[in-house]
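**Q** Dropping a structure here in structure tokens format, bear with me for questions.
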Amino acid sequence: MPRYLKRGLDASAIKAADAQVRETVEEILADIEARRDEAVRELSAKFDKWSPPSFRLGSDDIERAIAQVPQRDLDDIQFAQLQVRNFAEKQKATLQDLEVETIPGVILGHRHIPVESIGCYVPGGRYPMVASAHMSIVTAKVAGVRRIIACAPPYKGGPHPAIVAAMHFGGADEIYVLGGVQAVAAMALGTDRIAPVDMIVGPGNAYVAEAKRQLFGRVGIDLLAGPTETLIIADDSVDAEICATDLLGQAEHGPTSPAVLITNSEKLARTTMDEVQRLLRILPTADAAGKAWEDYGEVIVCENEEEMLREADRIASEHVQVMTRDPDFFLDRMVNYGSLFLGPRTNVAYGDKVIGTNHTLPTKKAARYTGGLWVGKFLKTCTYQKVTTDEASAMIGEYCSRLCILEGFSAHAEQANVRVRRYGGRNVGYAQAAE
């Protein structure tokens, strides 16, 4: 039976916070839909103190922003984008169009068709998330998306130069300095100056994630990627310093970021909790990381690896870092996770910034039914069918007619019957089909 040495907030407190977010987002979306550009400008001024003549950056604005970025930073951005691009291209290569003759004269197939236009949200409130531009824009470009627009909030009174550089190098067609729910809504619903897109992608805070949830259906979304979550699975083959460092490395995203340790070593659990407190006394981002650890941190002690596995799948965390003697035990058996980081030599920060896998991943247990953002999310797998012989059409038609009548669809049945009559030479109608 798992034992908790530390628990986070109870479910009722989290539910109440979610309800407040949901209500606020509903009001903002309704306002933007009604007043469009006017509402977007007012909301940007209210939340970000930002109301420029144009939210869109022109080519001169982009060049000025890039010129402010040190060459080493530009080189690092392009290195990271190369890794993301390479992996996305390898993923795309696994997706093949298909055409197969399943029965003589019956040809079925599918094509992978890129989404026409997407809006990429790049967070930049507490931290300027430069890497999010790589993850969405570069991956969409590899998929073949024709129009890519990107939004990031202002940073210290203007566009963040490194984010602009990453958006531009990644291949964004339109770049806007606009943040929060108003950015997501402007891209999804459109305004007088921004043409709407077909799909919204990218991570964000709880309000951005909720906006995507409420807009889903009117536009597509990649997944619900809200506040960062991390789960560490560890045994006594690693030490408390590395466990505590990796817990706080993700908790610093913000005060609502869950950080959980599962271990079969009570000694490691307790020393990790002590090490977390030591690190919080010296960590520059201790305000956010400490609040996240206080409210959302958990430490769970299990009997063995099998129990650790069950707990990990129950939690279904966004990031799962496995530091055990046999990390492949979890690779082979875990089914609910956003992305796995196997062994002490890797960590979530590598995936967040540079290694090449996508860092836009499912949160709030969405890993039970979806993986993270990847090139396939930007592709619609659309089927087609073709019947090439009279004999095949008549044969399929007879089966189809009877199955339609079984369900009570007479007009459906006649779609089949007319082809049986025309291509099979049989005078089949409603009465005959029902027999």
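Residue numbers start at 1 in each chain; chains themselves are named A, B, ... in the order of the structure tokens; ligands are numbered from 1 in the order shown.
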At a cut-off of 9 Å, using only C-alpha atoms, what residues contact range 134-145 of chain A? Leave out same-chain residues fewer than 4 positions from it and give the result as an MDAnalysis selection string.

**A** chainID A and resid 77 80:82 84:85 88:89 92 113:122 130 149:150 166:167 169:172 201:202 353 356:360 373:379

**Q** Would you give me, as a compact mmCIF listing (two decimals) with N, CA and C atoms, in the first residue's frame, the residues in range 18-110 of chain A that DSSP reads as strand (DSSP E or B)?

**A**
# COMPACT_ATOMS: atom_id res chain seq x y z
N ARG A 56 1.06 43.24 -34.52
CA ARG A 56 1.88 42.45 -35.44
C ARG A 56 3.22 43.14 -35.69
N LEU A 98 -1.40 5.51 -47.82
CA LEU A 98 -1.74 4.10 -48.00
C LEU A 98 -2.77 3.94 -49.11
N GLU A 99 -2.58 2.94 -49.95
CA GLU A 99 -3.62 2.53 -50.91
C GLU A 99 -3.52 1.03 -51.06
N VAL A 100 -4.64 0.33 -50.86
CA VAL A 100 -4.63 -1.13 -50.89
C VAL A 100 -5.93 -1.65 -51.51
N GLU A 101 -5.84 -2.69 -52.30
CA GLU A 101 -7.02 -3.35 -52.87
C GLU A 101 -7.45 -4.44 -51.89
N THR A 102 -8.50 -4.17 -51.11
CA THR A 102 -8.91 -5.09 -50.05
C THR A 102 -9.72 -6.27 -50.57
N ILE A 103 -10.47 -6.04 -51.63
CA ILE A 103 -11.25 -7.05 -52.35
C ILE A 103 -11.03 -6.74 -53.82
N VAL A 106 -12.03 -3.27 -55.21
CA VAL A 106 -12.30 -2.32 -54.12
C VAL A 106 -10.97 -1.78 -53.61
N ILE A 107 -10.76 -0.49 -53.77
CA ILE A 107 -9.51 0.15 -53.38
C ILE A 107 -9.79 1.14 -52.25
N LEU A 108 -9.07 0.97 -51.15
CA LEU A 108 -9.18 1.86 -50.00
C LEU A 108 -7.82 2.51 -49.74
N GLY A 109 -7.85 3.71 -49.19
CA GLY A 109 -6.59 4.37 -48.91
C GLY A 109 -6.74 5.51 -47.93
N HIS A 110 -5.62 6.06 -47.55
CA HIS A 110 -5.64 7.30 -46.78
C HIS A 110 -4.46 8.18 -47.18

**Q** Sort by chain and increasing residue number a table of all residues of range 164-278 of chain A within 8 Å of range 3-24 of chain A, each with its closest pair of atoms and their distance in Å to one decimal, counting only C-alpha atoms, and write it as a tab-separated table.

**A**
residue	atom	partner	partner_atom	distance
A:Ala206	CA	A:Val21	CA	7.2
A:Tyr207	CA	A:Val21	CA	6.1
A:Glu210	CA	A:Arg22	CA	6.4
A:Ala269	CA	A:Leu5	CA	7.9

**Q** Just the alpha helix (DSSP H) stuff from range 63-195 of chain A, please, per backbone DSSP, written as a PyMOL selection string.

**A** chain A and resi 63-67+71-93+130-133+139-143+161-170+180-189

**Q** So how many Å separate CA of Asp173 in chain A and CA of Arg146 in chain A, to one decimal?

**A**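 The value is 8.9 Å.
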
**Q** Restricting the calculation to only C-alpha atoms: of A:Met1, A:Ile282, A:Tyr176, A:Ala316, which residue gets closest to Arg193 in chain A?

**A**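 Comparing A:Met1, A:Ile282, A:Tyr176, A:Ala316 against Arg193 in chain A, the winner is A:Tyr176.
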
**Q** Mind giving me the straight-line distance from CA of Gly220 in chain A to CA of Ile200 in chain A in Å, one decimal?

**A** 6.3 Å

**Q** List the spatial neighbours of range 366-369 of chain A as a list in words - criterion: any atom at most 6 Å away, only C-alpha atoms, same-chain residues fewer than 6 positions off excluded.

**A**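 Non-adjacent residues within range: Ala316, Asn336, Tyr337 and Gly338 of chain A.
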
**Q** Take the residues just selected and output them with C-alpha atoms as a PDB file, in the first residue's frame.

**A**
ATOM      1  CA  ALA A 316      -0.400  10.078 -15.469  1.00  0.00           C
ATOM      2  CA  ASN A 336       0.092   6.853 -18.945  1.00  0.00           C
ATOM      3  CA  TYR A 337       2.697   9.589 -19.369  1.00  0.00           C
ATOM      4  CA  GLY A 338       3.505  12.584 -21.539  1.00  0.00           C
TER       5      GLY A 338
END

**Q** Between CA of Ile300 in chain A and CA of Ile233 in chain A, what distance in Å does the model show, to one decimal?

**A** 9.7 Å

**Q** Got a sec: who's within 6 Å of range 221-225 of chain A, counting only C-alpha atoms, leaving out chain neighbours fewer than 3 positions off, as a list in words?

**A**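 Contacts, in chain order: Met199, Ile200, Val201, Pro203, Ala209, Leu361, Pro362 and Thr363 of chain A.
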
**Q** Take the residues from that selection and write them out as a CSV table (one decimal), in the first residue's frame, keeping all heavy atoms.

**A**
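The resulting again.csv:
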chain,number,residue,atom,x,y,z
A,199,MET,N,-6.4,25.8,-36.1
A,199,MET,CA,-5.9,25.0,-35.0
A,199,MET,C,-5.0,25.9,-34.1
A,199,MET,O,-4.3,26.7,-34.6
A,199,MET,CB,-5.1,23.8,-35.5
A,199,MET,CG,-4.6,22.8,-34.4
A,199,MET,SD,-3.7,21.4,-35.3
A,199,MET,CE,-3.3,20.5,-33.8
A,200,ILE,N,-5.1,25.7,-32.8
A,200,ILE,CA,-4.3,26.4,-31.8
A,200,ILE,C,-3.4,25.4,-31.1
A,200,ILE,O,-3.9,24.3,-30.6
A,200,ILE,CB,-5.2,27.1,-30.7
A,200,ILE,CG1,-6.1,28.2,-31.4
A,200,ILE,CG2,-4.3,27.7,-29.6
A,200,ILE,CD1,-5.4,29.4,-31.9
A,201,VAL,N,-2.1,25.7,-31.0
A,201,VAL,CA,-1.2,24.8,-30.3
A,201,VAL,C,-0.3,25.6,-29.4
A,201,VAL,O,-0.2,26.9,-29.5
A,201,VAL,CB,-0.3,24.1,-31.3
A,201,VAL,CG1,-1.1,23.3,-32.3
A,201,VAL,CG2,0.6,25.1,-32.1
A,203,PRO,N,1.8,25.4,-25.2
A,203,PRO,CA,1.4,25.4,-23.7
A,203,PRO,C,1.1,26.8,-23.2
A,203,PRO,O,1.2,27.8,-23.9
A,203,PRO,CB,2.8,24.9,-23.1
A,203,PRO,CG,3.8,25.4,-24.0
A,203,PRO,CD,3.2,25.4,-25.4
A,209,ALA,N,-4.8,27.3,-21.1
A,209,ALA,CA,-5.2,25.9,-21.2
A,209,ALA,C,-6.8,25.9,-21.2
A,209,ALA,O,-7.4,25.2,-22.0
A,209,ALA,CB,-4.7,25.0,-20.2
A,361,LEU,N,3.2,18.8,-23.9
A,361,LEU,CA,2.8,17.5,-23.4
A,361,LEU,C,1.5,17.6,-22.6
A,361,LEU,O,1.1,18.7,-22.1
A,361,LEU,CB,3.9,16.9,-22.6
A,361,LEU,CG,5.3,16.7,-23.3
A,361,LEU,CD1,6.3,16.4,-22.2
A,361,LEU,CD2,5.2,15.6,-24.3
A,362,PRO,N,0.8,16.5,-22.5
A,362,PRO,CA,-0.5,16.5,-21.8
A,362,PRO,C,-0.4,16.6,-20.3
A,362,PRO,O,0.5,16.1,-19.7
A,362,PRO,CB,-1.1,15.1,-22.1
A,362,PRO,CG,0.1,14.3,-22.4
A,362,PRO,CD,1.1,15.2,-23.1
A,363,THR,N,-1.3,17.4,-19.7
A,363,THR,CA,-1.3,17.6,-18.2
A,363,THR,C,-2.7,17.2,-17.7
A,363,THR,O,-3.6,16.9,-18.5
A,363,THR,CB,-1.0,19.1,-17.9
A,363,THR,OG1,-2.0,19.9,-18.4
A,363,THR,CG2,0.3,19.5,-18.4

**Q** Check the smallest atom-to-atom distance from each of A:Gly226, A:Gly180, A:Gly157, A:Gly408 to Val40 in chain A using only C-alpha atoms, then report the winner.

**A**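 Counting only C-alpha atoms, the residue closest to Val40 in chain A is A:Gly180.
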
**Q** Could you check the closest approach to Ser54 in chain A for each of A:Gly204, A:Gly158, A:Gly124, A:Gly397 and tell me which residue wins, using only C-alpha atoms?

**A** A:Gly158
